[in-house]
Every structure is written in C-alpha cells, then in structure tokens.
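Next comes structure.txt, with compact mmCIF, C-alpha atoms.
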# COMPACT_ATOMS: atom_id res chain seq x y z
CA MET K 639 17.00 0.37 35.80
CA LYS K 640 18.33 3.90 35.42
CA LEU K 641 16.40 6.53 33.47
CA LYS K 642 19.14 6.61 30.82
CA ASP K 643 18.82 2.86 30.24
CA LYS K 644 15.03 3.12 30.11
CA LEU K 645 15.30 5.86 27.46
CA LYS K 646 17.67 3.69 25.43
CA ASN K 647 15.05 0.93 25.32
CA ILE K 648 12.40 3.22 23.81
CA SER K 649 12.07 2.71 20.06
CA GLY K 650 12.79 5.67 17.73
CA ALA K 651 9.22 5.33 16.48
CA TRP K 652 7.92 6.56 19.86
CA TYR K 653 10.20 9.60 19.68
CA PHE K 654 8.80 10.32 16.19
CA LEU K 655 5.24 10.15 17.59
CA GLY K 656 6.33 12.38 20.49
CA VAL K 657 7.71 15.05 18.14
CA ILE K 658 4.49 15.03 16.09
CA ILE K 659 2.38 15.37 19.26
CA LEU K 660 4.56 18.32 20.36
CA SER K 661 3.91 19.92 16.92
CA TYR K 662 0.19 19.55 17.55
CA LEU K 663 0.58 21.18 20.97
CA TYR K 664 2.38 24.08 19.25
CA PHE K 665 -0.56 24.57 16.87
CA LEU K 666 -3.06 24.18 19.71
CA ILE K 667 -1.40 27.15 21.43
CA PHE K 668 -0.55 29.33 18.42
CA ASN K 669 -3.00 28.36 15.65
CA LYS K 670 -6.14 26.61 16.83
CA ASN K 671 -7.61 26.59 13.32
CA ILE K 672 -4.82 24.38 11.92
CA PHE K 673 -4.94 22.22 15.05
CA PHE K 674 -8.67 21.49 14.79
CA ASN K 675 -8.57 21.00 11.00
CA SER K 676 -5.74 18.49 11.48
CA ILE K 677 -7.66 16.68 14.23
CA ASP K 678 -10.75 16.47 11.98
CA SER K 679 -8.63 15.05 9.18
CA PHE K 680 -6.94 12.62 11.61
CA ASN K 681 -10.33 11.40 12.88
CA SER K 682 -11.68 10.81 9.38
CA ILE K 683 -8.54 8.87 8.36
CA ILE K 684 -8.62 6.76 11.54
CA LEU K 685 -12.30 5.90 11.01
CA LYS K 686 -11.54 4.93 7.42
CA ILE K 687 -8.59 2.70 8.26
CA ILE K 688 -9.97 0.78 11.25
CA PRO K 689 -11.55 -1.87 8.96
CA ILE K 690 -8.26 -2.04 7.04
CA PHE K 691 -6.40 -2.56 10.32
CA VAL K 692 -8.67 -5.53 11.01
CA LEU K 693 -8.09 -6.87 7.49
CA VAL K 694 -4.32 -6.44 7.81
CA PHE K 695 -4.36 -8.21 11.20
CA ILE K 696 -6.33 -11.14 9.75
CA LEU K 697 -4.03 -11.35 6.72
CA MET K 698 -0.95 -11.21 8.95
CA ALA K 699 -2.31 -13.95 11.22
CA LEU K 700 -3.21 -16.12 8.22
CA SER K 701 0.15 -15.53 6.58
CA ASN K 702 1.94 -16.31 9.84
CA TYR K 703 -0.04 -19.52 10.11
CA PHE K 704 0.04 -20.76 6.52
CA ILE K 705 3.04 -19.05 4.95
CA THR K 706 6.12 -20.53 6.48
CA PRO K 707 9.57 -19.55 5.17
CA ALA K 708 9.79 -22.94 3.46
CA VAL K 709 6.48 -22.45 1.62
CA VAL K 710 7.41 -18.95 0.45
CA THR K 711 10.87 -20.00 -0.62
CA LYS K 712 9.41 -22.91 -2.58
CA HIS K 713 6.80 -20.79 -4.39
CA ILE K 714 9.08 -17.88 -5.10
CA LYS K 715 11.79 -20.13 -6.45
CA ASP K 716 9.52 -22.30 -8.54
CA LYS K 717 7.07 -19.91 -10.12
CA GLY K 718 9.25 -17.58 -12.20
CA LEU K 719 6.86 -15.25 -14.00
CA LYS K 720 3.96 -16.27 -11.78
CA LYS K 721 5.48 -14.76 -8.63
CA TRP K 722 5.58 -11.34 -10.33
CA PHE K 723 2.02 -11.85 -11.49
CA PHE K 724 0.88 -12.68 -7.93
CA VAL K 725 2.69 -9.68 -6.49
CA ILE K 726 1.21 -7.34 -9.14
CA VAL K 727 -2.34 -8.62 -8.57
CA GLY K 728 -1.84 -8.43 -4.79
CA GLY K 729 -0.62 -4.83 -5.04
CA VAL K 730 -3.49 -3.74 -7.27
CA LEU K 731 -6.12 -5.42 -5.07
CA SER K 732 -4.71 -4.20 -1.74
CA SER K 733 -6.42 -1.18 -0.23
CA GLY K 734 -5.85 1.44 2.45
CA PRO K 735 -2.85 3.64 3.21
CA ILE K 736 0.54 2.31 2.15
CA TYR K 737 1.97 2.31 5.69
CA MET K 738 -0.73 -0.12 6.81
CA TRP K 739 0.97 -2.79 4.70
CA TYR K 740 4.54 -2.33 5.93
CA PRO K 741 4.24 -4.75 8.90
CA LEU K 742 2.77 -7.48 6.67
CA LEU K 743 5.47 -6.98 4.04
CA ALA K 744 8.18 -7.00 6.73
CA SER K 745 6.75 -10.28 7.96
CA LEU K 746 6.77 -11.73 4.42
CA LYS K 747 10.32 -10.44 3.90
CA ASP K 748 11.41 -12.48 6.91
CA LYS K 749 9.86 -15.49 5.18
CA GLY K 750 11.82 -14.99 1.97
CA LEU K 751 9.99 -12.39 -0.16
CA ASP K 752 12.76 -10.36 -1.77
CA TYR K 753 13.05 -6.56 -1.85
CA GLY K 754 12.23 -6.35 -5.56
CA LEU K 755 8.91 -8.11 -5.09
CA ILE K 756 8.08 -5.87 -2.11
CA ALA K 757 8.86 -2.78 -4.23
CA CYS K 758 6.74 -4.21 -7.06
CA PHE K 759 3.83 -4.79 -4.65
CA LEU K 760 4.08 -1.24 -3.27
CA TYR K 761 4.26 0.27 -6.77
CA ASN K 762 1.14 -1.55 -7.92
CA ARG K 763 -0.78 -0.20 -4.94
CA ALA K 764 -0.82 3.05 -6.92
CA ILE K 765 -3.37 1.49 -9.29
CA LYS K 766 -6.68 2.06 -7.55
CA ILE K 767 -9.45 0.15 -9.33
CA PRO K 768 -12.30 1.75 -7.31
CA LEU K 769 -11.03 5.21 -8.32
CA ILE K 770 -10.88 4.50 -12.06
CA PRO K 771 -14.40 5.88 -12.74
CA LEU K 772 -13.38 9.17 -11.08
CA ALA K 773 -10.14 9.26 -13.06
CA ILE K 774 -12.05 8.73 -16.31
CA ILE K 775 -14.20 11.78 -15.48
CA TYR K 776 -11.08 13.99 -15.56
CA PHE K 777 -9.05 12.05 -18.15
CA SER K 778 -10.03 9.76 -21.02
CA TRP K 779 -10.45 6.00 -20.54
CA GLN K 780 -7.67 5.48 -23.10
CA TYR K 781 -5.31 7.57 -20.95
CA ILE K 782 -6.18 5.64 -17.77
CA LEU K 783 -5.82 2.27 -19.52
CA ILE K 784 -2.41 3.17 -20.97
CA LEU K 785 -1.26 4.67 -17.65
CA CYS K 786 -2.23 1.51 -15.74
CA LEU K 787 -0.49 -0.79 -18.24
CA VAL K 788 2.67 1.32 -18.23
CA MET K 789 2.67 1.39 -14.43
CA VAL K 790 2.38 -2.40 -14.21
CA LEU K 791 5.35 -2.82 -16.56
CA VAL K 792 7.38 -0.18 -14.73
CA SER K 793 6.62 -1.85 -11.37
CA VAL K 794 8.53 -4.91 -12.58
CA VAL K 795 11.37 -2.68 -13.81
CA GLN K 796 11.50 -1.08 -10.36
CA GLY K 797 11.50 -4.50 -8.71
CA ILE K 798 14.50 -5.61 -10.77
CA LEU K 799 16.25 -2.27 -10.15
CA ILE K 800 15.71 -2.57 -6.39
CA ASN K 801 16.99 -6.13 -6.32
CA ASN K 802 20.14 -5.06 -8.17
CA LEU K 803 20.66 -1.99 -5.99
CA MET K 804 20.03 -3.95 -2.78
CA GLY K 805 22.40 -6.66 -3.96
CA VAL K 806 19.78 -9.39 -3.81
CA LYS K 807 21.41 -12.54 -5.10
CA ASN K 808 18.42 -14.51 -6.26
CA GLU K 809 18.52 -15.76 -9.84
CA ASN K 810 14.77 -16.17 -9.96
CA SER K 811 13.96 -12.67 -8.80
CA ASN K 812 15.65 -11.18 -11.81
CA SER K 813 14.56 -13.73 -14.37
CA ILE K 814 11.33 -12.76 -15.99
CA MET Z 1389 -3.23 -20.22 15.16
CA LYS Z 1390 -3.14 -18.50 18.57
CA GLU Z 1391 0.62 -18.09 18.24
CA SER Z 1392 0.18 -16.58 14.77
CA MET Z 1393 -2.34 -14.08 16.14
CA ILE Z 1394 -0.04 -13.09 19.01
CA LYS Z 1395 2.84 -12.67 16.55
CA SER Z 1396 0.66 -10.50 14.29
CA ALA Z 1397 -0.52 -8.38 17.23
CA LYS Z 1398 3.10 -7.83 18.27
CA GLY Z 1399 4.02 -6.85 14.70
CA LEU Z 1400 1.19 -4.31 14.55
CA TRP Z 1401 2.02 -2.94 18.03
CA LYS Z 1402 5.63 -2.39 16.91
CA ALA Z 1403 4.36 -0.37 13.94
CA PHE Z 1404 1.66 1.43 15.97
CA PRO Z 1405 3.57 4.64 16.93
CA MET Z 1406 4.81 5.07 13.35
CA ILE Z 1407 1.35 4.54 11.86
CA ILE Z 1408 -0.34 6.97 14.27
CA GLY Z 1409 2.55 9.47 13.89
CA THR Z 1410 2.29 9.27 10.10
CA ILE Z 1411 -1.47 9.83 10.10
CA LEU Z 1412 -1.04 12.82 12.44
CA LEU Z 1413 1.70 14.24 10.17
CA VAL Z 1414 -0.37 13.70 7.00
CA SER Z 1415 -3.34 15.44 8.64
CA LEU Z 1416 -1.19 18.38 9.77
CA ILE Z 1417 0.36 18.89 6.30
CA SER Z 1418 -3.05 18.66 4.65
CA ALA Z 1419 -4.27 21.41 7.00
CA ILE Z 1420 -1.22 23.66 6.49
CA ILE Z 1421 -0.85 23.50 2.67
CA PRO Z 1422 -3.78 25.15 0.86
CA ASP Z 1423 -5.30 23.55 -2.26
CA SER Z 1424 -4.33 26.58 -4.39
CA PHE Z 1425 -0.62 25.87 -3.76
CA TYR Z 1426 -0.67 22.97 -6.20
CA THR Z 1427 -1.93 24.90 -9.21
CA MET Z 1428 0.18 28.02 -8.44
CA ILE Z 1429 3.69 26.58 -8.84
CA PHE Z 1430 3.61 25.19 -12.39
CA SER Z 1431 5.36 27.13 -15.17
CA LYS Z 1432 3.79 25.47 -18.26
CA ASN Z 1433 7.23 24.23 -19.41
CA SER Z 1434 6.75 20.47 -20.01
CA PHE Z 1435 10.12 19.23 -18.76
CA LEU Z 1436 10.36 21.53 -15.75
CA ASP Z 1437 6.72 20.91 -14.92
CA SER Z 1438 7.21 17.13 -14.98
CA LEU Z 1439 10.04 17.53 -12.45
CA ILE Z 1440 7.95 19.89 -10.34
CA GLY Z 1441 4.93 17.60 -10.76
CA GLY Z 1442 6.97 14.63 -9.58
CA LEU Z 1443 8.40 16.58 -6.64
CA VAL Z 1444 5.07 18.03 -5.53
CA GLY Z 1445 3.38 14.64 -5.85
CA SER Z 1446 6.20 13.08 -3.82
CA ILE Z 1447 5.79 15.38 -0.84
CA SER Z 1448 2.02 15.52 -0.99
CA ALA Z 1449 -0.14 13.62 1.38
CA GLY Z 1450 -3.73 12.59 1.26
CA SER Z 1451 -6.15 10.32 -0.47
CA PRO Z 1452 -5.52 9.41 -4.13
CA ILE Z 1453 -9.02 10.78 -4.78
CA THR Z 1454 -7.61 14.22 -3.97
CA SER Z 1455 -4.74 13.68 -6.39
CA TYR Z 1456 -7.16 12.94 -9.27
CA ILE Z 1457 -9.14 16.06 -8.49
CA PHE Z 1458 -6.01 18.28 -8.23
CA ALA Z 1459 -4.55 16.73 -11.37
CA GLY Z 1460 -7.79 17.21 -13.28
CA GLU Z 1461 -7.97 20.85 -12.22
CA MET Z 1462 -4.30 21.36 -13.16
CA LEU Z 1463 -5.01 19.97 -16.62
CA ILE Z 1464 -7.99 22.32 -17.01
CA GLN Z 1465 -5.74 25.25 -16.06
CA GLY Z 1466 -3.30 24.39 -18.86
CA VAL Z 1467 -0.59 22.40 -17.07
CA GLY Z 1468 0.90 19.84 -19.51
CA LEU Z 1469 -0.22 16.20 -19.44
CA VAL Z 1470 3.34 14.93 -18.81
CA ALA Z 1471 3.58 17.09 -15.67
CA VAL Z 1472 0.11 16.12 -14.51
CA THR Z 1473 0.90 12.43 -15.03
CA ALA Z 1474 4.20 12.71 -13.13
CA PHE Z 1475 2.28 14.44 -10.33
CA LEU Z 1476 -0.40 11.71 -10.24
CA VAL Z 1477 2.07 8.83 -10.32
CA SER Z 1478 4.50 10.24 -7.76
CA TRP Z 1479 1.62 11.14 -5.41
CA VAL Z 1480 0.81 7.46 -5.03
CA THR Z 1481 4.19 5.79 -5.54
CA VAL Z 1482 6.54 8.08 -3.57
CA GLY Z 1483 6.02 8.56 0.14
CA ILE Z 1484 8.38 11.12 1.68
CA ILE Z 1485 6.07 11.56 4.66
CA GLN Z 1486 5.83 7.81 5.16
CA LEU Z 1487 9.61 7.41 4.80
CA PRO Z 1488 10.31 7.18 8.57
CA ALA Z 1489 7.71 4.41 8.93
CA GLU Z 1490 8.95 2.58 5.83
CA SER Z 1491 12.59 2.87 6.99
CA THR Z 1492 11.83 1.56 10.46
CA ILE Z 1493 9.77 -1.39 9.30
CA LEU Z 1494 11.35 -2.39 5.96
CA GLY Z 1495 14.86 -0.97 6.29
CA LYS Z 1496 16.45 2.44 5.64
CA LYS Z 1497 18.37 1.49 2.47
CA PHE Z 1498 15.33 -0.16 0.89
CA ALA Z 1499 13.04 2.75 1.78
CA ILE Z 1500 15.40 5.36 0.32
CA LEU Z 1501 16.13 3.38 -2.86
CA ARG Z 1502 12.46 2.56 -3.40
CA ASN Z 1503 11.39 6.19 -3.07
CA VAL Z 1504 14.24 7.58 -5.21
CA THR Z 1505 13.60 5.07 -8.01
CA ALA Z 1506 9.83 5.63 -7.75
CA PHE Z 1507 10.39 9.38 -8.20
CA ALA Z 1508 12.61 8.89 -11.27
CA LEU Z 1509 10.19 6.32 -12.69
CA SER Z 1510 7.21 8.67 -12.21
CA ILE Z 1511 8.77 10.93 -14.87
CA VAL Z 1512 9.53 7.92 -17.11
CA VAL Z 1513 5.94 6.65 -16.74
CA ALA Z 1514 4.60 10.13 -17.55
CA ILE Z 1515 6.68 10.46 -20.74
CA ILE Z 1516 5.93 6.91 -21.98
CA THR Z 1517 2.19 7.23 -21.23
CA VAL Z 1518 1.84 10.52 -23.08
CA LEU Z 1519 3.94 9.28 -26.03
CA ILE Z 1520 1.80 6.14 -26.39
CA LEU Z 1521 -1.36 8.21 -26.04
CA GLU Z 1522 -0.22 10.55 -28.82
CA VAL Z 1523 0.50 7.55 -31.09
CA VAL Z 1524 -2.78 5.77 -30.29
CA LEU Z 1525 -5.10 8.81 -30.57
Take the structure in this file and express it as structure tokens.
Amino acid sequence: MKLKDKLKNISGAWYFLGVIILSYLYFLIFNKNIFFNSIDSFNSIILKIIPIFVLVFILMALSNYFITPAVVTKHIKDKGLKKWFFVIVGGVLSSGPIYMWYPLLASLKDKGLDYGLIACFLYNRAIKIPLIPLAIIYFSWQYILILCLVMVLVSVVQGILINNLMGVKNENSNSI
Amino acid sequence: MKESMIKSAKGLWKAFPMIIGTILLVSLISAIIPDSFYTMIFSKNSFLDSLIGGLVGSISAGSPITSYIFAGEMLIQGVGLVAVTAFLVSWVTVGIIQLPAESTILGKKFAILRNVTAFALSIVVAIITVLILEVVL
C-alpha cells in the first residue's frame, strides 16, 4: 500500500490529536509554564475519568447485549411521555465529561434513539445533583430549584427543535 | 456477551483520539486563559451581558464546579443574574471545544444544531429563571 493510501485510511480524529500534540510541543519549546500547567490539568482529568471510562464501557457492553434495535424501537414507540422521562432521568444521573458519552449515544442512535432524545439527554447532563450544595452556597436554593426545573422543560423543547431541524419523521418523538 | 464487549471496545477505540485530543485541548485552554478574564469582560448591561455570558460560557472549558465558583464571584462583583445564569447554563450545555468530537461521533449537522440551539436556549433559560424568581420572591 502506498503512503498516500495509508494516509487516506487514517481517521480525521487522529489528525486532530496530532495537531493538539504539536501545539503542546510548541508550548514545551516556547512556554514551559503553560506546557506543564496543561500537563498537570490533563493528568488530573485523566485520573478522574478512568472510572467513568470503565462505567461507560460496561454500560455500552450491557446496552449492546440487551438493547437491540427491536427493543429500543418498541420502547421508544410505545412509551410516549415515558421515553422523555427516561432520557431526562438518564441525563441528570449520568456523570463525567460530556464527550465520554458520545460513543454510547452513537451506539443507541444506531439502535433507534432519535436525535431529539439524544439532545435532551445531553442537555440534562447540565444538571449536576452532586454540585447542588455548592451552587446553593453561591445562589439561593429557590434559584437553583427554579433553574433546574426550567432546564428540564427546555431540554424537551430542544429535543423537539432538534428533531424538527434534523427532519426526524417520528410521530412519537414530537408527541408529548 | 463477548461480542458485545468487543463491539464496545471498538466503539471506544474509535473515539479514543478525539477524547484524548479534547482533554488535551481543554487542559491547554484552562492553562492559557487566566481566571480574571471572566470577570473583566462584563459591562453590567443585562442584555449585552447575557449574550457575553452565553458566549463566554460556550467557549469555556473545565469542570462545572469551576463555573459555579466563577459565576458566584461574577455575581458578587455586580454582574447581573441573567448574564450569570446564561454563563452557567451555556458552560455546561454548549461545547465548542468538544464540537470536533461530537461531530465525528454523532454527526456534523446534529452537533452544530445542538450547540447553536443550546446557546440560544441558555439565554431563554436565563431570562425565564430570573423572571420566575422575581415573581416567586
């Protein structure tokens, strides 16, 4: 295989990683302070997300095993309001950085989860239950409660908007 | 079950360069942008500040814990609650830095639409939240 063909087979994601690594090399040469601060931050994030990686892997394996396209299609079509409820609860309870969940959501999308529900899930990830005590320290509990309720409602609005904009033709996804 | 695990491992491996690249990028931006930047750019005009709040939150990276601390400090320094709320909401719902990863894995059109609508909705959420709060309290 020629070098040109080999390069064609490399995913764009690896080029992205390559560019970022080159940026780090730039800072290593010209600004060691930024380089080492970034590396420290990278290490602390990696240590934090390793358990989440394991959790995501387990959830993906379980979903691949139990959630077949037929099962998802059946539940999403039959449950009406409940499917939104499940997606909202799932989003609120999920933890870790948002990009950790993309592979799982892509896998569920292949099994029939529509774009609106994915958007709704991602929006609800913004509600961080473990951080609520900290938020109450800076803001009032009334403010946090109202903010969370408004965000849950708006997550459904975003889901419907996304389905319309993406041209998802699924009667159930837009019927609340 | 073995097949499911292999499939999951392949899925994670496909996302691996994007995940590592994103974490490296987030770490680099956190190191380059000083904390004081966030409190320096607000004008104390509610509407403009909510737009700025939404924009700054959208391009910011880091733990949501940091966003609560920044937002709390902004509020103490006199930045309006609508702006602070837009900042808080967009910080966690819009992901400009994660956009390449989201586009690759979930699709470019979806990623762009989701982030654009999340940005617009962060301002809507901020206005509704503060309006309700004013009525309730």
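For Gly1399 (chain Z), the non-local neighbours within 8 Å, defined as residues at least 4 positions apart in the same chain or in other chains and counting all atoms listed in the file, are Pro741 of chain K; Lys1395 and Ala1403 of chain Z.
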Could you make a table, as a tab-separated table, of the residues of chain Z that have an atom within 7 Å of an atom of chain K, each with its nearest atom pair and distance in Å to one decimal, counting all atoms listed in the file, in chain and number order?
residue	atom	partner	partner_atom	distance
Z:Met1389	CA	K:Tyr703	CA	6.0
Z:Ser1392	CA	K:Ala699	CA	5.1
Z:Met1393	CA	K:Ala699	CA	4.9
Z:Ser1396	CA	K:Ala699	CA	5.5
Z:Gly1399	CA	K:Pro741	CA	6.2
Z:Leu1400	CA	K:Pro741	CA	6.4
Z:Ala1403	CA	K:Pro741	CA	6.7
Z:Pro1405	CA	K:Trp652	CA	5.6
Z:Met1406	CA	K:Ala651	CA	5.4
Z:Ile1407	CA	K:Tyr737	CA	6.6
Z:Gly1409	CA	K:Leu655	CA	4.6
Z:Ile1411	CA	K:Phe680	CA	6.3
Z:Leu1412	CA	K:Phe680	CA	6.0
Z:Leu1413	CA	K:Ile658	CA	6.6
Z:Ser1415	CA	K:Ser676	CA	4.8
Z:Leu1416	CA	K:Ser676	CA	4.9
Z:Ala1419	CA	K:Ser676	CA	5.5
Z:Ile1420	CA	K:Ile672	CA	6.6
Z:Ile1453	CA	K:Leu769	CA	6.9
Z:Tyr1456	CA	K:Ala773	CA	6.1
Z:Gly1460	CA	K:Tyr776	CA	5.1
Z:Val1480	CA	K:Ala764	CA	5.1
Z:Thr1481	CA	K:Tyr761	CA	5.7
Z:Gln1486	CA	K:Tyr737	CA	6.7
Z:Ala1489	CA	K:Tyr737	CA	6.9
Z:Glu1490	CA	K:Tyr740	CA	6.6
Z:Ile1493	CA	K:Tyr740	CA	6.3
Z:Leu1494	CA	K:Ala744	CA	5.6
Z:Leu1501	CA	K:Ile800	CA	6.9
Z:Arg1502	CA	K:Ala757	CA	6.5
Z:Thr1505	CA	K:Gln796	CA	6.9
Z:Val1513	CA	K:Val788	CA	6.4
Z:Thr1517	CA	K:Leu785	CA	5.6
Z:Leu1521	CA	K:Tyr781	CA	6.5
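CA of Met1428 (chain Z) to CA of Val1467 (chain Z) spans 10.3 Å [interatomic distance, one decimal].
Using only C-alpha atoms, the contacts of region 1514-1516 of chain Z at a cut-off of 7 Å, with sequence neighbours closer than 6 positions omitted, comprise Z:Val1470, Z:Thr1473, Z:Ala1474.
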CA of Ser1455 (chain Z) and CA of Lys670 (chain K) are how many Å apart? 26.6 Å
Identify which of the residues Z:Val1523, Z:Leu1439, Z:Ile1484, Z:Ile1421 lies closest to Val1504 (chain Z), counting all atoms listed in the file when measuring atom-to-atom distances.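 Looking only at the distances to Val1504 (chain Z), the closest residue turns out to be Z:Ile1484.
The interatomic distance for the pair CA of Val1482 (chain Z) and CA of Gly1445 (chain Z) works out to 7.6 Å.
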Counting only C-alpha atoms, closest pick from K:Ile690, K:Ile767, K:Leu746, K:Ile667 relative to Val727 (chain K) is K:Ile767
Generate the missing atoms of region 744-754 of chain K up to all heavy atoms and report them as a PDB file, in the coordinates of the input.
ATOM      1  N   ALA K 744       6.981  -6.684   5.935  1.00  0.00           N
ATOM      2  CA  ALA K 744       8.180  -7.000   6.730  1.00  0.00           C
ATOM      3  C   ALA K 744       8.132  -8.460   7.176  1.00  0.00           C
ATOM      4  O   ALA K 744       9.146  -9.168   7.162  1.00  0.00           O
ATOM      5  CB  ALA K 744       8.268  -6.073   7.930  1.00  0.00           C
ATOM      6  N   SER K 745       6.928  -8.894   7.535  1.00  0.00           N
ATOM      7  CA  SER K 745       6.750 -10.280   7.960  1.00  0.00           C
ATOM      8  C   SER K 745       7.025 -11.245   6.800  1.00  0.00           C
ATOM      9  O   SER K 745       7.680 -12.277   6.963  1.00  0.00           O
ATOM     10  CB  SER K 745       5.326 -10.440   8.503  1.00  0.00           C
ATOM     11  OG  SER K 745       4.954 -11.770   8.559  1.00  0.00           O
ATOM     12  N   LEU K 746       6.540 -10.884   5.601  1.00  0.00           N
ATOM     13  CA  LEU K 746       6.770 -11.730   4.420  1.00  0.00           C
ATOM     14  C   LEU K 746       8.250 -11.707   3.999  1.00  0.00           C
ATOM     15  O   LEU K 746       8.775 -12.699   3.505  1.00  0.00           O
ATOM     16  CB  LEU K 746       5.884 -11.274   3.250  1.00  0.00           C
ATOM     17  CG  LEU K 746       4.390 -11.563   3.403  1.00  0.00           C
ATOM     18  CD1 LEU K 746       3.596 -10.939   2.268  1.00  0.00           C
ATOM     19  CD2 LEU K 746       4.124 -13.069   3.456  1.00  0.00           C
ATOM     20  N   LYS K 747       8.887 -10.557   4.228  1.00  0.00           N
ATOM     21  CA  LYS K 747      10.320 -10.440   3.900  1.00  0.00           C
ATOM     22  C   LYS K 747      11.124 -11.438   4.746  1.00  0.00           C
ATOM     23  O   LYS K 747      12.033 -12.104   4.251  1.00  0.00           O
ATOM     24  CB  LYS K 747      10.806  -9.023   4.159  1.00  0.00           C
ATOM     25  CG  LYS K 747      12.283  -8.796   3.860  1.00  0.00           C
ATOM     26  CD  LYS K 747      12.642  -7.315   3.887  1.00  0.00           C
ATOM     27  CE  LYS K 747      12.715  -6.766   5.296  1.00  0.00           C
ATOM     28  NZ  LYS K 747      13.947  -7.066   6.012  1.00  0.00           N
ATOM     29  N   ASP K 748      10.728 -11.530   6.024  1.00  0.00           N
ATOM     30  CA  ASP K 748      11.410 -12.480   6.910  1.00  0.00           C
ATOM     31  C   ASP K 748      11.230 -13.924   6.436  1.00  0.00           C
ATOM     32  O   ASP K 748      11.997 -14.802   6.779  1.00  0.00           O
ATOM     33  CB  ASP K 748      10.896 -12.345   8.351  1.00  0.00           C
ATOM     34  CG  ASP K 748      11.275 -11.003   8.949  1.00  0.00           C
ATOM     35  OD1 ASP K 748      12.220 -10.372   8.424  1.00  0.00           O
ATOM     36  OD2 ASP K 748      10.624 -10.576   9.928  1.00  0.00           O
ATOM     37  N   LYS K 749      10.135 -14.132   5.664  1.00  0.00           N
ATOM     38  CA  LYS K 749       9.860 -15.490   5.180  1.00  0.00           C
ATOM     39  C   LYS K 749      10.433 -15.735   3.792  1.00  0.00           C
ATOM     40  O   LYS K 749      10.199 -16.769   3.193  1.00  0.00           O
ATOM     41  CB  LYS K 749       8.350 -15.736   5.175  1.00  0.00           C
ATOM     42  CG  LYS K 749       7.742 -15.766   6.558  1.00  0.00           C
ATOM     43  CD  LYS K 749       6.266 -16.111   6.484  1.00  0.00           C
ATOM     44  CE  LYS K 749       5.678 -16.275   7.866  1.00  0.00           C
ATOM     45  NZ  LYS K 749       5.558 -15.013   8.599  1.00  0.00           N
ATOM     46  N   GLY K 750      11.123 -14.743   3.234  1.00  0.00           N
ATOM     47  CA  GLY K 750      11.820 -14.990   1.970  1.00  0.00           C
ATOM     48  C   GLY K 750      11.392 -14.147   0.785  1.00  0.00           C
ATOM     49  O   GLY K 750      11.945 -14.285  -0.304  1.00  0.00           O
ATOM     50  N   LEU K 751      10.389 -13.261   0.953  1.00  0.00           N
ATOM     51  CA  LEU K 751       9.990 -12.390  -0.160  1.00  0.00           C
ATOM     52  C   LEU K 751      11.097 -11.360  -0.367  1.00  0.00           C
ATOM     53  O   LEU K 751      11.491 -10.676   0.575  1.00  0.00           O
ATOM     54  CB  LEU K 751       8.683 -11.665   0.203  1.00  0.00           C
ATOM     55  CG  LEU K 751       7.948 -10.955  -0.929  1.00  0.00           C
ATOM     56  CD1 LEU K 751       7.296 -11.973  -1.858  1.00  0.00           C
ATOM     57  CD2 LEU K 751       6.872 -10.031  -0.388  1.00  0.00           C
ATOM     58  N   ASP K 752      11.614 -11.263  -1.598  1.00  0.00           N
ATOM     59  CA  ASP K 752      12.760 -10.360  -1.770  1.00  0.00           C
ATOM     60  C   ASP K 752      12.335  -8.897  -1.934  1.00  0.00           C
ATOM     61  O   ASP K 752      11.166  -8.587  -2.124  1.00  0.00           O
ATOM     62  CB  ASP K 752      13.693 -10.830  -2.898  1.00  0.00           C
ATOM     63  CG  ASP K 752      13.057 -10.742  -4.270  1.00  0.00           C
ATOM     64  OD1 ASP K 752      12.357  -9.761  -4.528  1.00  0.00           O
ATOM     65  OD2 ASP K 752      13.278 -11.655  -5.088  1.00  0.00           O
ATOM     66  N   TYR K 753      13.322  -7.999  -1.830  1.00  0.00           N
ATOM     67  CA  TYR K 753      13.050  -6.560  -1.850  1.00  0.00           C
ATOM     68  C   TYR K 753      12.387  -6.112  -3.153  1.00  0.00           C
ATOM     69  O   TYR K 753      11.543  -5.223  -3.158  1.00  0.00           O
ATOM     70  CB  TYR K 753      14.350  -5.789  -1.631  1.00  0.00           C
ATOM     71  CG  TYR K 753      14.839  -5.790  -0.207  1.00  0.00           C
ATOM     72  CD1 TYR K 753      15.988  -6.492   0.158  1.00  0.00           C
ATOM     73  CD2 TYR K 753      14.160  -5.089   0.781  1.00  0.00           C
ATOM     74  CE1 TYR K 753      16.440  -6.494   1.479  1.00  0.00           C
ATOM     75  CE2 TYR K 753      14.596  -5.080   2.098  1.00  0.00           C
ATOM     76  CZ  TYR K 753      15.741  -5.781   2.443  1.00  0.00           C
ATOM     77  OH  TYR K 753      16.184  -5.770   3.735  1.00  0.00           O
ATOM     78  N   GLY K 754      12.792  -6.726  -4.260  1.00  0.00           N
ATOM     79  CA  GLY K 754      12.230  -6.350  -5.560  1.00  0.00           C
ATOM     80  C   GLY K 754      10.737  -6.614  -5.616  1.00  0.00           C
ATOM     81  O   GLY K 754       9.963  -5.803  -6.129  1.00  0.00           O
TER      82      GLY K 754
END
